[in-house]
>>> print(open('upload-v4.cif').read())   # mmCIF, C-alpha atoms and all ligand atoms
data_work
loop_
_atom_site.label_atom_id
_atom_site.label_comp_id
_atom_site.auth_asym_id
_atom_site.auth_seq_id
_atom_site.Cartn_x
_atom_site.Cartn_y
_atom_site.Cartn_z
CA MET A 1 -12.10 -24.17 3.62
CA VAL A 2 -15.43 -23.45 1.95
CA ASP A 3 -19.04 -24.54 2.56
CA LEU A 4 -21.00 -24.39 -0.67
CA GLN A 5 -23.64 -26.86 0.52
CA GLN A 6 -25.14 -24.64 3.21
CA GLN A 7 -25.04 -21.61 0.96
CA TYR A 8 -27.06 -23.56 -1.60
CA GLN A 9 -29.57 -24.79 0.99
CA LYS A 10 -30.46 -21.17 1.84
CA ILE A 11 -31.45 -20.36 -1.76
CA LYS A 12 -32.47 -23.85 -2.88
CA PRO A 13 -36.00 -23.08 -4.16
CA GLU A 14 -34.93 -20.14 -6.35
CA MET A 15 -31.77 -21.94 -7.49
CA ASP A 16 -33.57 -25.14 -8.41
CA ALA A 17 -36.19 -23.18 -10.34
CA ALA A 18 -33.53 -21.23 -12.24
CA ILE A 19 -31.67 -24.39 -13.25
CA GLN A 20 -34.88 -26.23 -14.12
CA ALA A 21 -35.91 -23.35 -16.39
CA VAL A 22 -32.72 -23.81 -18.42
CA ILE A 23 -33.32 -27.54 -18.72
CA ASP A 24 -36.92 -26.91 -19.78
CA SER A 25 -35.79 -24.46 -22.46
CA ALA A 26 -32.99 -26.80 -23.62
CA ALA A 27 -31.01 -23.69 -24.59
CA PHE A 28 -27.88 -24.97 -22.87
CA VAL A 29 -25.56 -22.74 -24.87
CA LYS A 30 -26.32 -19.07 -25.59
CA GLY A 31 -29.62 -19.15 -23.70
CA ALA A 32 -31.25 -15.86 -22.72
CA GLN A 33 -29.88 -16.13 -19.15
CA VAL A 34 -26.31 -15.55 -20.37
CA GLU A 35 -26.93 -12.03 -21.68
CA GLN A 36 -29.34 -11.34 -18.83
CA PHE A 37 -26.67 -12.15 -16.26
CA ALA A 38 -24.10 -10.05 -18.15
CA ARG A 39 -26.46 -7.02 -18.04
CA HIS A 40 -27.07 -7.55 -14.32
CA LEU A 41 -23.35 -7.78 -13.65
CA GLU A 42 -22.81 -4.57 -15.63
CA ALA A 43 -25.31 -2.86 -13.35
CA TYR A 44 -23.64 -4.30 -10.25
CA THR A 45 -20.03 -3.52 -11.16
CA GLY A 46 -20.51 -0.33 -13.13
CA ALA A 47 -18.56 -1.81 -16.05
CA LYS A 48 -19.95 -0.63 -19.38
CA HIS A 49 -19.52 -4.09 -20.91
CA VAL A 50 -19.45 -7.51 -19.27
CA ILE A 51 -18.55 -10.30 -21.69
CA PRO A 52 -18.94 -13.85 -20.33
CA ALA A 53 -16.23 -16.46 -20.92
CA ALA A 54 -15.66 -20.12 -20.09
CA ASN A 55 -13.36 -19.50 -17.11
CA GLY A 56 -11.07 -16.91 -15.59
CA THR A 57 -7.91 -18.18 -17.23
CA GLU A 58 -9.45 -17.90 -20.70
CA ALA A 59 -10.74 -14.45 -19.83
CA LEU A 60 -7.13 -13.41 -19.20
CA GLN A 61 -5.98 -15.01 -22.43
CA ILE A 62 -8.72 -13.31 -24.45
CA ALA A 63 -7.86 -9.97 -22.84
CA LEU A 64 -4.23 -10.18 -23.93
CA MET A 65 -5.27 -11.33 -27.42
CA ALA A 66 -7.72 -8.42 -27.70
CA LEU A 67 -4.96 -5.93 -26.97
CA GLY A 68 -3.05 -7.21 -30.00
CA LEU A 69 0.13 -7.97 -28.10
CA LYS A 70 2.93 -9.57 -30.13
CA PRO A 71 5.53 -12.22 -29.26
CA GLY A 72 8.37 -10.59 -27.37
CA ASP A 73 6.15 -7.93 -25.80
CA GLU A 74 6.69 -7.76 -22.06
CA VAL A 75 3.83 -8.07 -19.59
CA ILE A 76 4.45 -7.20 -15.95
CA THR A 77 2.73 -9.27 -13.30
CA PRO A 78 3.31 -10.09 -9.61
CA THR A 79 5.41 -13.14 -8.75
CA PHE A 80 3.26 -13.99 -5.72
CA THR A 81 -0.08 -15.13 -7.17
CA PHE A 82 -1.97 -17.94 -8.87
CA ILE A 83 -0.28 -19.21 -12.02
CA ALA A 84 -3.02 -18.28 -14.53
CA THR A 85 -1.76 -14.77 -15.22
CA ALA A 86 1.80 -15.71 -16.17
CA GLU A 87 0.56 -18.86 -17.88
CA VAL A 88 -1.49 -17.07 -20.53
CA VAL A 89 1.31 -14.54 -21.07
CA ALA A 90 3.71 -17.41 -21.78
CA LEU A 91 1.17 -19.34 -23.91
CA LEU A 92 0.75 -16.34 -26.21
CA GLY A 93 4.51 -16.08 -26.71
CA LEU A 94 4.66 -12.86 -24.70
CA THR A 95 7.35 -12.38 -22.09
CA PRO A 96 6.22 -12.46 -18.46
CA VAL A 97 8.15 -9.98 -16.33
CA VAL A 98 7.52 -10.60 -12.67
CA VAL A 99 7.81 -8.14 -9.81
CA ASP A 100 7.75 -8.31 -6.03
CA VAL A 101 4.75 -7.61 -3.83
CA GLU A 102 4.13 -5.64 -0.64
CA TRP A 103 4.51 -7.36 2.73
CA GLU A 104 1.31 -5.96 4.22
CA THR A 105 -1.21 -6.18 1.38
CA MET A 106 0.58 -8.96 -0.54
CA ASN A 107 -0.35 -7.05 -3.70
CA MET A 108 1.96 -5.95 -6.52
CA SER A 109 4.40 -3.21 -5.56
CA VAL A 110 3.96 -0.16 -7.76
CA GLU A 111 7.59 0.86 -7.19
CA ALA A 112 8.69 -2.58 -8.39
CA VAL A 113 6.56 -2.15 -11.52
CA ARG A 114 8.16 1.24 -12.19
CA LYS A 115 11.62 -0.34 -12.09
CA ALA A 116 10.60 -3.25 -14.33
CA ILE A 117 9.37 -1.12 -17.24
CA THR A 118 11.51 -1.38 -20.40
CA PRO A 119 10.94 -0.20 -23.99
CA LYS A 120 9.38 -3.63 -24.66
CA THR A 121 6.79 -3.38 -21.88
CA LYS A 122 3.26 -3.31 -23.28
CA ALA A 123 0.98 -4.20 -20.40
CA ILE A 124 0.67 -4.50 -16.64
CA VAL A 125 -1.53 -7.20 -15.11
CA PRO A 126 -2.17 -6.43 -11.44
CA VAL A 127 -3.88 -9.18 -9.45
CA HIS A 128 -6.27 -8.02 -6.72
CA LEU A 129 -4.99 -10.72 -4.41
CA PHE A 130 -7.16 -12.36 -1.74
CA GLY A 131 -9.91 -9.76 -2.15
CA GLN A 132 -8.49 -6.26 -2.06
CA CYS A 133 -7.43 -4.01 -4.91
CA ALA A 134 -3.83 -3.41 -5.85
CA ASP A 135 -2.95 0.29 -5.61
CA MET A 136 -4.61 1.28 -8.87
CA GLN A 137 -4.24 5.06 -8.87
CA PRO A 138 -0.42 5.17 -9.05
CA LEU A 139 -0.46 2.09 -11.26
CA LEU A 140 -2.84 3.68 -13.78
CA GLN A 141 -0.77 6.86 -13.68
CA LEU A 142 2.40 4.89 -14.39
CA ALA A 143 0.69 3.04 -17.23
CA LYS A 144 -0.45 6.34 -18.73
CA GLU A 145 3.05 7.82 -18.55
CA HIS A 146 4.50 4.83 -20.39
CA ASN A 147 1.55 4.16 -22.70
CA LEU A 148 0.87 0.68 -21.28
CA TYR A 149 -2.31 -1.35 -21.10
CA VAL A 150 -3.67 -2.40 -17.72
CA VAL A 151 -5.52 -5.71 -17.41
CA GLU A 152 -6.88 -6.35 -13.92
CA ASP A 153 -7.11 -9.90 -12.64
CA THR A 154 -10.09 -9.58 -10.34
CA ALA A 155 -10.83 -13.30 -9.96
CA GLN A 156 -10.51 -12.94 -6.18
CA ALA A 157 -11.91 -9.46 -5.68
CA ILE A 158 -15.28 -9.08 -7.38
CA GLY A 159 -17.21 -6.43 -5.45
CA ALA A 160 -14.14 -4.79 -3.88
CA ARG A 161 -14.15 -1.01 -4.16
CA TYR A 162 -11.18 1.29 -4.75
CA THR A 163 -11.24 4.97 -3.75
CA PHE A 164 -9.26 7.51 -5.79
CA SER A 165 -7.76 10.62 -4.22
CA ASP A 166 -10.57 12.81 -5.62
CA GLY A 167 -13.11 10.68 -3.75
CA ARG A 168 -14.31 8.81 -6.83
CA THR A 169 -14.75 5.06 -6.26
CA ALA A 170 -14.70 2.17 -8.72
CA GLN A 171 -15.10 -1.56 -8.47
CA ALA A 172 -12.27 -4.00 -8.92
CA GLY A 173 -11.98 -4.94 -12.57
CA THR A 174 -13.45 -1.71 -13.95
CA MET A 175 -10.46 0.63 -13.68
CA GLY A 176 -8.00 -0.68 -16.25
CA ASP A 177 -8.51 -1.31 -19.97
CA ILE A 178 -9.91 -4.77 -19.27
CA GLY A 179 -10.84 -6.65 -16.09
CA CYS A 180 -10.94 -10.45 -15.91
CA THR A 181 -12.78 -12.52 -13.38
CA SER A 182 -13.53 -16.15 -12.57
CA PHE A 183 -16.73 -17.80 -11.34
CA PHE A 184 -14.97 -20.95 -10.11
CA PRO A 185 -17.25 -22.41 -7.40
CA SER A 186 -15.15 -21.22 -4.45
CA LYS A 187 -14.75 -17.64 -5.72
CA ASN A 188 -16.81 -14.93 -4.03
CA LEU A 189 -19.34 -15.14 -6.86
CA GLY A 190 -19.06 -18.79 -7.84
CA CYS A 191 -21.11 -20.93 -10.21
CA TYR A 192 -21.64 -24.70 -10.14
CA GLY A 193 -18.85 -25.47 -12.57
CA ASP A 194 -16.49 -23.24 -14.52
CA GLY A 195 -17.16 -19.70 -15.62
CA GLY A 196 -15.52 -16.35 -16.16
CA ALA A 197 -16.01 -12.88 -17.61
CA LEU A 198 -14.26 -9.83 -18.99
CA PHE A 199 -15.11 -6.23 -18.11
CA THR A 200 -14.35 -3.17 -20.20
CA ASN A 201 -15.59 0.38 -20.60
CA ASP A 202 -14.27 0.61 -24.18
CA ASP A 203 -16.83 -0.14 -26.93
CA GLU A 204 -14.24 -1.14 -29.50
CA LEU A 205 -12.40 -3.47 -27.12
CA ALA A 206 -15.73 -4.99 -26.10
CA ASP A 207 -16.46 -5.82 -29.75
CA THR A 208 -12.99 -7.33 -30.21
CA ILE A 209 -13.35 -9.40 -27.02
CA ARG A 210 -16.79 -10.72 -28.05
CA THR A 211 -15.41 -11.60 -31.48
CA ILE A 212 -12.32 -13.39 -30.15
CA ALA A 213 -14.38 -15.35 -27.60
CA ASN A 214 -16.56 -16.55 -30.50
CA HIS A 215 -13.97 -18.02 -32.91
CA GLY A 216 -13.03 -14.59 -34.21
CA MET A 217 -16.43 -14.40 -35.87
CA ARG A 218 -18.77 -11.41 -36.21
CA VAL A 219 -20.84 -12.83 -39.04
CA ARG A 220 -21.38 -16.58 -38.93
CA TYR A 221 -18.54 -18.49 -40.62
CA HIS A 222 -16.68 -15.27 -41.44
CA HIS A 223 -13.57 -15.27 -39.26
CA ASP A 224 -12.09 -11.79 -38.94
CA LEU A 225 -9.68 -12.65 -36.13
CA ILE A 226 -8.00 -15.72 -34.74
CA GLY A 227 -10.21 -16.55 -31.82
CA VAL A 228 -11.10 -19.18 -29.29
CA ASN A 229 -14.29 -20.87 -28.15
CA SER A 230 -14.99 -19.47 -24.71
CA ARG A 231 -18.59 -19.48 -23.51
CA LEU A 232 -20.34 -19.33 -20.18
CA ASP A 233 -23.01 -22.02 -20.45
CA THR A 234 -26.63 -21.17 -19.74
CA ILE A 235 -26.96 -23.24 -16.56
CA GLN A 236 -23.94 -21.49 -15.06
CA ALA A 237 -25.34 -18.10 -16.08
CA ALA A 238 -28.65 -18.97 -14.38
CA VAL A 239 -26.77 -20.02 -11.22
CA LEU A 240 -24.81 -16.77 -11.23
CA ASP A 241 -27.85 -14.63 -11.92
CA THR A 242 -29.55 -16.25 -8.92
CA LYS A 243 -26.55 -15.64 -6.67
CA LEU A 244 -25.71 -12.09 -7.81
CA PRO A 245 -28.47 -10.40 -5.75
CA HIS A 246 -26.93 -12.10 -2.69
CA LEU A 247 -23.33 -11.06 -3.42
CA ASP A 248 -23.34 -8.10 -1.04
CA GLU A 249 -24.66 -10.33 1.79
CA TYR A 250 -21.99 -12.89 0.95
CA ILE A 251 -19.29 -10.22 1.10
CA ALA A 252 -20.64 -8.92 4.41
CA ALA A 253 -20.58 -12.47 5.87
CA ARG A 254 -16.93 -12.87 4.82
CA GLN A 255 -16.06 -9.48 6.29
CA ALA A 256 -17.75 -10.41 9.58
CA ALA A 257 -15.74 -13.65 9.77
CA ALA A 258 -12.57 -11.67 9.00
CA ALA A 259 -13.35 -9.18 11.78
CA TYR A 260 -13.76 -12.08 14.20
CA TYR A 261 -10.40 -13.54 13.13
CA ASP A 262 -8.69 -10.11 13.37
CA LYS A 263 -9.89 -9.61 16.90
CA ALA A 264 -9.07 -13.14 18.03
CA PHE A 265 -5.47 -12.90 16.80
CA SER A 266 -4.75 -9.30 17.81
CA GLY A 267 -2.79 -10.39 20.89
CA CYS A 268 -0.81 -13.19 19.21
CA GLU A 269 2.79 -12.20 18.58
CA LYS A 270 3.48 -14.91 16.03
CA ILE A 271 0.38 -14.27 13.96
CA LEU A 272 0.16 -11.29 11.62
CA THR A 273 -3.38 -10.67 10.39
CA PRO A 274 -3.94 -9.48 6.79
CA GLY A 275 -2.74 -5.91 6.21
CA ARG A 276 -5.35 -3.64 4.71
CA ALA A 277 -4.77 -1.56 1.59
CA ALA A 278 -5.25 2.14 2.24
CA ASN A 279 -7.61 2.74 -0.68
CA SER A 280 -9.55 -0.48 -1.09
CA THR A 281 -12.25 -2.41 0.67
CA HIS A 282 -11.46 -6.08 1.32
CA VAL A 283 -13.92 -8.77 0.22
CA PHE A 284 -11.88 -11.62 1.75
CA HIS A 285 -11.72 -14.24 -0.93
CA GLN A 286 -9.05 -15.55 1.43
CA TYR A 287 -8.18 -14.71 5.00
CA THR A 288 -4.44 -15.15 4.94
CA LEU A 289 -2.24 -15.00 8.01
CA ARG A 290 1.50 -14.55 8.06
CA ILE A 291 3.06 -16.83 10.69
CA VAL A 292 6.25 -15.24 12.02
CA GLY A 293 8.61 -16.71 14.61
CA ALA A 294 6.99 -20.15 14.33
CA ASP A 295 7.28 -22.90 11.73
CA ARG A 296 4.31 -22.40 9.41
CA ASP A 297 4.30 -25.99 8.17
CA ALA A 298 4.33 -27.34 11.73
CA VAL A 299 1.45 -25.00 12.62
CA ARG A 300 -0.48 -26.28 9.63
CA GLU A 301 0.12 -29.89 10.64
CA ARG A 302 -1.12 -29.24 14.17
CA LEU A 303 -4.22 -27.60 12.72
CA THR A 304 -4.90 -30.58 10.48
CA LYS A 305 -4.68 -32.85 13.53
CA ALA A 306 -7.10 -30.58 15.37
CA GLY A 307 -9.55 -30.84 12.46
CA VAL A 308 -9.03 -27.35 11.06
CA PRO A 309 -8.21 -27.10 7.36
CA ALA A 310 -5.64 -24.47 6.38
CA MET A 311 -4.12 -23.88 2.97
CA ILE A 312 -0.96 -22.36 1.58
CA TYR A 313 -1.73 -19.81 -1.11
CA TYR A 314 0.90 -19.80 -2.61
CA PRO A 315 3.85 -22.00 -1.72
CA ILE A 316 6.14 -21.15 -4.67
CA PRO A 317 6.47 -17.73 -6.34
CA LEU A 318 6.22 -17.77 -10.14
CA HIS A 319 9.92 -17.09 -10.74
CA LEU A 320 10.85 -20.25 -8.81
CA GLN A 321 8.36 -22.53 -10.59
CA LYS A 322 9.97 -25.27 -12.68
CA ALA A 323 8.09 -24.43 -15.88
CA TYR A 324 8.92 -20.73 -15.58
CA GLN A 325 12.66 -20.93 -15.02
CA ASP A 326 14.24 -17.93 -16.62
CA PRO A 327 17.91 -16.93 -16.61
CA ARG A 328 16.85 -13.41 -15.63
CA TYR A 329 15.58 -14.60 -12.25
CA LYS A 330 17.01 -16.52 -9.32
CA ALA A 331 16.13 -17.25 -5.72
CA GLY A 332 16.57 -14.11 -3.63
CA ASP A 333 15.45 -11.69 -6.36
CA PHE A 334 12.00 -11.10 -4.87
CA PRO A 335 12.50 -11.26 -1.11
CA VAL A 336 8.99 -10.29 -0.01
CA ALA A 337 7.28 -12.87 -2.22
CA GLU A 338 9.79 -15.52 -1.20
CA ARG A 339 9.24 -14.78 2.48
CA LEU A 340 5.47 -14.80 2.07
CA ALA A 341 5.68 -18.21 0.40
CA THR A 342 7.25 -19.58 3.60
CA CYS A 343 4.87 -17.95 6.08
CA VAL A 344 1.36 -17.50 4.63
CA LEU A 345 -1.49 -19.62 5.93
CA SER A 346 -5.09 -19.21 4.77
CA LEU A 347 -7.89 -20.12 7.15
CA PRO A 348 -11.40 -21.35 6.31
CA MET A 349 -13.25 -18.41 4.74
CA HIS A 350 -16.76 -18.55 3.33
CA THR A 351 -20.26 -17.22 3.80
CA GLU A 352 -21.47 -19.81 6.31
CA LEU A 353 -18.98 -19.55 9.18
CA ASP A 354 -20.82 -19.24 12.50
CA GLU A 355 -19.46 -18.12 15.88
CA GLU A 356 -19.05 -21.66 17.12
CA GLN A 357 -16.89 -22.59 14.15
CA LEU A 358 -14.91 -19.36 14.36
CA ALA A 359 -14.26 -19.88 18.07
CA PHE A 360 -13.09 -23.45 17.40
CA ILE A 361 -10.81 -22.38 14.53
CA THR A 362 -9.27 -19.40 16.31
CA LYS A 363 -8.55 -21.40 19.47
CA ALA A 364 -6.93 -24.16 17.41
CA VAL A 365 -4.77 -21.61 15.54
CA ALA A 366 -3.72 -19.87 18.76
CA ASP A 367 -2.83 -23.23 20.34
CA ALA A 368 -0.93 -24.36 17.25
CA THR A 369 1.30 -21.29 17.29
CA LEU A 370 2.14 -21.34 21.03
C1 LIG B 1 -9.10 -18.45 -9.83
C2 LIG B 1 -8.13 -17.52 -10.41
C3 LIG B 1 -7.89 -17.44 -11.80
C4 LIG B 1 -8.39 -18.45 -12.79
O1 LIG B 1 -9.71 -18.70 -12.82
P1 LIG B 1 -10.28 -20.04 -13.44
O2 LIG B 1 -11.73 -19.74 -13.62
O3 LIG B 1 -10.02 -21.13 -12.46
O4 LIG B 1 -9.60 -20.27 -14.75
C5 LIG B 1 -7.03 -16.47 -12.26
N1 LIG B 1 -6.42 -15.62 -11.42
C6 LIG B 1 -6.61 -15.67 -10.10
C7 LIG B 1 -5.91 -14.67 -9.23
C8 LIG B 1 -7.46 -16.62 -9.53
O5 LIG B 1 -7.63 -16.66 -8.22
#
>>> encode(input="upload-v4.cif", output="structure tokens")
Amino acid sequence: MVDLQQQYQKIKPEMDAAIQAVIDSAAFVKGAQVEQFARHLEAYTGAKHVIPAANGTEALQIALMALGLKPGDEVITPTFTFIATAEVVALLGLTPVVVDVEWETMNMSVEAVRKAITPKTKAIVPVHLFGQCADMQPLLQLAKEHNLYVVEDTAQAIGARYTFSDGRTAQAGTMGDIGCTSFFPSKNLGCYGDGGALFTNDDELADTIRTIANHGMRVRYHHDLIGVNSRLDTIQAAVLDTKLPHLDEYIAARQAAAAYYDKAFSGCEKILTPGRAANSTHVFHQYTLRIVGADRDAVRERLTKAGVPAMIYYPIPLHLQKAYQDPRYKAGDFPVAERLATCVLSLPMHTELDEEQLAFITKAVADATL
């Protein structure tokens, strides 16, 4: 599914030097590279503040803590996504309210969000799924009308760009009150372990986030807030700072692979290629097909036999997960998400796919769906 080895080989001298420099300094925590990387990522994304964290899930948790949400407050999030978003909502004693997604983009439906708003709703957490932005303009408008916070989960979409109707563009993660991302190794900007970050344009929120991520402490051993310990370690920051200048090349390589896939499957009736959002670029964290009129699981098995890995992101929507059973929801409530769970199939997607591999994969997929 991913090839991190070859990507490393291409930048080995600079990467090895960057890691060695951290070891030589022995500043494994809070070394200079951490703040340096944060400044570079601010310049890249256009976010006023980038605050590193230990991983993407903790970034989401810190974001919700920083907004001062209270038990019982409702947070709206899509039901078709990775578990992290709903998980931190539940962990903080907040109430996750899930909504359906769109068939084409697989992103949160703004109309569904509108219908899910109640007097208890405090925040919306859109997930920019698979690498393209949820429809932020109407979502931000809706949030403004109802006085709600917006926390973007941009773990899969760093570098994606959204265009507003006035022509203004903004990067994923920089449009809401807070953006949260992950540097898990397979993400578009991945480190060599765990890592994450929060983005915000609000000075006060930035200070609160920094404080919470550091045990609620502004002055050493004075704890103003209940916090957590969430740090990006220096080696990971050095890895990320080395990779960041290559991010646009990495995105372009993913987009080229996606274009190859799109073209190869354009004549296949049973294969629907990823729908594109009208107002967002797509950075293809995943290239996710919808298999229609054929048994997805049988297709996947045939692919495995042919030596082509394929993954199901995600097989069970949140409202049908055992740990998230809720009397408000039952099977059938979110038909698009439930259908997607039965038909999505993600193909290998990374920066090192060459034409030979792509030809092999696309032929195997076409054969497997005959
Ligand atoms: C990867 C991911 C996360 C969590 O990131 P971690 O760094 O693994 O904690 C959260 N949300 C989405 C959509 C993700 O893809």
>>> closest_residue(input="upload-v4.cif", among="A:Gln171, A:Gln6, A:Thr118, A:Thr77", to="ligand LIG 1 (chain B)", atoms="only C-alpha atoms and all ligand atoms")
A:Thr77
>>> residues_around(input="upload-v4.cif", residues="A:Tyr162", least_positions_apart="2", cutoff="6 Å", atoms="only C-alpha atoms", output="number ranges by chain")
A: 169-170, 279-280
>>> residues_around(input="upload-v4.cif", residues="A:Thr273", least_positions_apart="5", cutoff="8 Å", atoms="only C-alpha atoms", output="PyMOL selection string")
chain A and resi 262+265-266+288-290
>>> residues_near_point(input="upload-v4.cif", point="(-12.4, -11.8, -15.2)", cutoff="6 Å", atoms="only C-alpha atoms", output="mmCIF file with C-alpha atoms, in the frame of the given file")
data_model
loop_
_atom_site.group_PDB
_atom_site.id
_atom_site.type_symbol
_atom_site.label_atom_id
_atom_site.label_comp_id
_atom_site.auth_asym_id
_atom_site.auth_seq_id
_atom_site.Cartn_x
_atom_site.Cartn_y
_atom_site.Cartn_z
ATOM 1 C CA GLY A 56 -11.070 -16.910 -15.590
ATOM 2 C CA ALA A 59 -10.740 -14.450 -19.830
ATOM 3 C CA THR A 154 -10.090 -9.580 -10.340
ATOM 4 C CA ALA A 155 -10.830 -13.300 -9.960
ATOM 5 C CA GLY A 179 -10.840 -6.650 -16.090
ATOM 6 C CA CYS A 180 -10.940 -10.450 -15.910
ATOM 7 C CA THR A 181 -12.780 -12.520 -13.380
ATOM 8 C CA SER A 182 -13.530 -16.150 -12.570
ATOM 9 C CA GLY A 196 -15.520 -16.350 -16.160
ATOM 10 C CA ALA A 197 -16.010 -12.880 -17.610
ATOM 11 C CA LEU A 198 -14.260 -9.830 -18.990
#
>>> closest_residue(input="upload-v4.cif", among="A:Thr57, A:Thr121, A:Thr242, A:Asn229", to="ligand LIG 1 (chain B)", atoms="all atoms listed in the file")
A:Thr57
>>> residues_around(input="upload-v4.cif", residues="A:Asn201", least_positions_apart="6", cutoff="10 Å", atoms="all atoms listed in the file", output="PDB file with C-alpha atoms, keeping the file's coordinate frame")
ATOM      1  CA  GLY A  46     -20.510  -0.330 -13.130  1.00  0.00           C
ATOM      2  CA  ALA A  47     -18.560  -1.810 -16.050  1.00  0.00           C
ATOM      3  CA  LYS A  48     -19.950  -0.630 -19.380  1.00  0.00           C
ATOM      4  CA  HIS A  49     -19.520  -4.090 -20.910  1.00  0.00           C
ATOM      5  CA  VAL A  50     -19.450  -7.510 -19.270  1.00  0.00           C
ATOM      6  CA  THR A 174     -13.450  -1.710 -13.950  1.00  0.00           C
ATOM      7  CA  MET A 175     -10.460   0.630 -13.680  1.00  0.00           C
ATOM      8  CA  GLY A 176      -8.000  -0.680 -16.250  1.00  0.00           C
ATOM      9  CA  ASP A 177      -8.510  -1.310 -19.970  1.00  0.00           C
ATOM     10  CA  ILE A 178      -9.910  -4.770 -19.270  1.00  0.00           C
ATOM     11  CA  GLY A 179     -10.840  -6.650 -16.090  1.00  0.00           C
TER      12      GLY A 179
END
>>> closest_residue(input="upload-v4.cif", among="A:Val29, A:Ile76, A:Met15, A:Leu189", to="ligand LIG 1 (chain B)", atoms="only C-alpha atoms and all ligand atoms")
A:Leu189
>>> decode(input="upload-v4.cif", residues="stretch 254-305 of chain A", atoms="C-alpha atoms", output="JSON list (two decimals), in the first residue's frame")
[["chain", "number", "residue", "atom", "x", "y", "z"],
["A", 254, "ARG", "CA", 0.36, 10.89, -5.81],
["A", 255, "GLN", "CA", -1.73, 12.98, -8.21],
["A", 256, "ALA", "CA", 0.08, 11.47, -11.20],
["A", 257, "ALA", "CA", -0.62, 7.94, -9.92],
["A", 258, "ALA", "CA", -4.27, 8.91, -9.38],
["A", 259, "ALA", "CA", -4.52, 10.26, -12.93],
["A", 260, "TYR", "CA", -3.16, 6.96, -14.23],
["A", 261, "TYR", "CA", -5.73, 5.02, -12.18],
["A", 262, "ASP", "CA", -8.58, 7.33, -13.31],
["A", 263, "LYS", "CA", -7.74, 6.81, -16.95],
["A", 264, "ALA", "CA", -7.26, 3.05, -16.63],
["A", 265, "PHE", "CA", -10.66, 2.56, -14.99],
["A", 266, "SER", "CA", -12.66, 5.05, -17.05],
["A", 267, "GLY", "CA", -14.19, 2.30, -19.19],
["A", 268, "CYS", "CA", -14.96, -0.13, -16.35],
["A", 269, "GLU", "CA", -18.65, -0.20, -15.52],
["A", 270, "LYS", "CA", -18.24, -1.80, -12.11],
["A", 271, "ILE", "CA", -15.52, 0.56, -10.93],
["A", 272, "LEU", "CA", -16.34, 4.10, -9.83],
["A", 273, "THR", "CA", -13.23, 6.26, -9.50],
["A", 274, "PRO", "CA", -13.03, 8.84, -6.68],
["A", 275, "GLY", "CA", -15.43, 11.76, -7.18],
["A", 276, "ARG", "CA", -13.78, 15.15, -7.00],
["A", 277, "ALA", "CA", -14.98, 17.95, -4.75],
["A", 278, "ALA", "CA", -15.90, 21.06, -6.71],
["A", 279, "ASN", "CA", -13.83, 23.46, -4.60],
["A", 280, "SER", "CA", -10.85, 21.46, -3.43],
["A", 281, "THR", "CA", -7.68, 20.00, -4.83],
["A", 282, "HIS", "CA", -7.10, 16.32, -4.03],
["A", 283, "VAL", "CA", -3.80, 15.22, -2.49],
["A", 284, "PHE", "CA", -4.72, 11.51, -2.58],
["A", 285, "HIS", "CA", -3.83, 10.20, 0.82],
["A", 286, "GLN", "CA", -5.91, 7.31, -0.46],
["A", 287, "TYR", "CA", -7.13, 6.38, -3.90],
["A", 288, "THR", "CA", -10.45, 4.80, -3.08],
["A", 289, "LEU", "CA", -12.65, 3.05, -5.61],
["A", 290, "ARG", "CA", -16.30, 2.20, -5.20],
["A", 291, "ILE", "CA", -17.00, -1.28, -6.58],
["A", 292, "VAL", "CA", -20.58, -1.45, -7.84],
["A", 293, "GLY", "CA", -22.32, -4.48, -9.33],
["A", 294, "ALA", "CA", -19.56, -6.83, -8.15],
["A", 295, "ASP", "CA", -18.75, -8.31, -4.75],
["A", 296, "ARG", "CA", -16.10, -6.02, -3.27],
["A", 297, "ASP", "CA", -14.75, -8.64, -0.88],
["A", 298, "ALA", "CA", -14.39, -11.18, -3.70],
["A", 299, "VAL", "CA", -12.58, -8.56, -5.80],
["A", 300, "ARG", "CA", -10.23, -7.90, -2.92],
["A", 301, "GLU", "CA", -9.51, -11.60, -2.50],
["A", 302, "ARG", "CA", -8.70, -11.98, -6.19],
["A", 303, "LEU", "CA", -6.36, -9.00, -5.93],
["A", 304, "THR", "CA", -4.59, -10.50, -2.94],
["A", 305, "LYS", "CA", -4.05, -13.70, -4.93]]
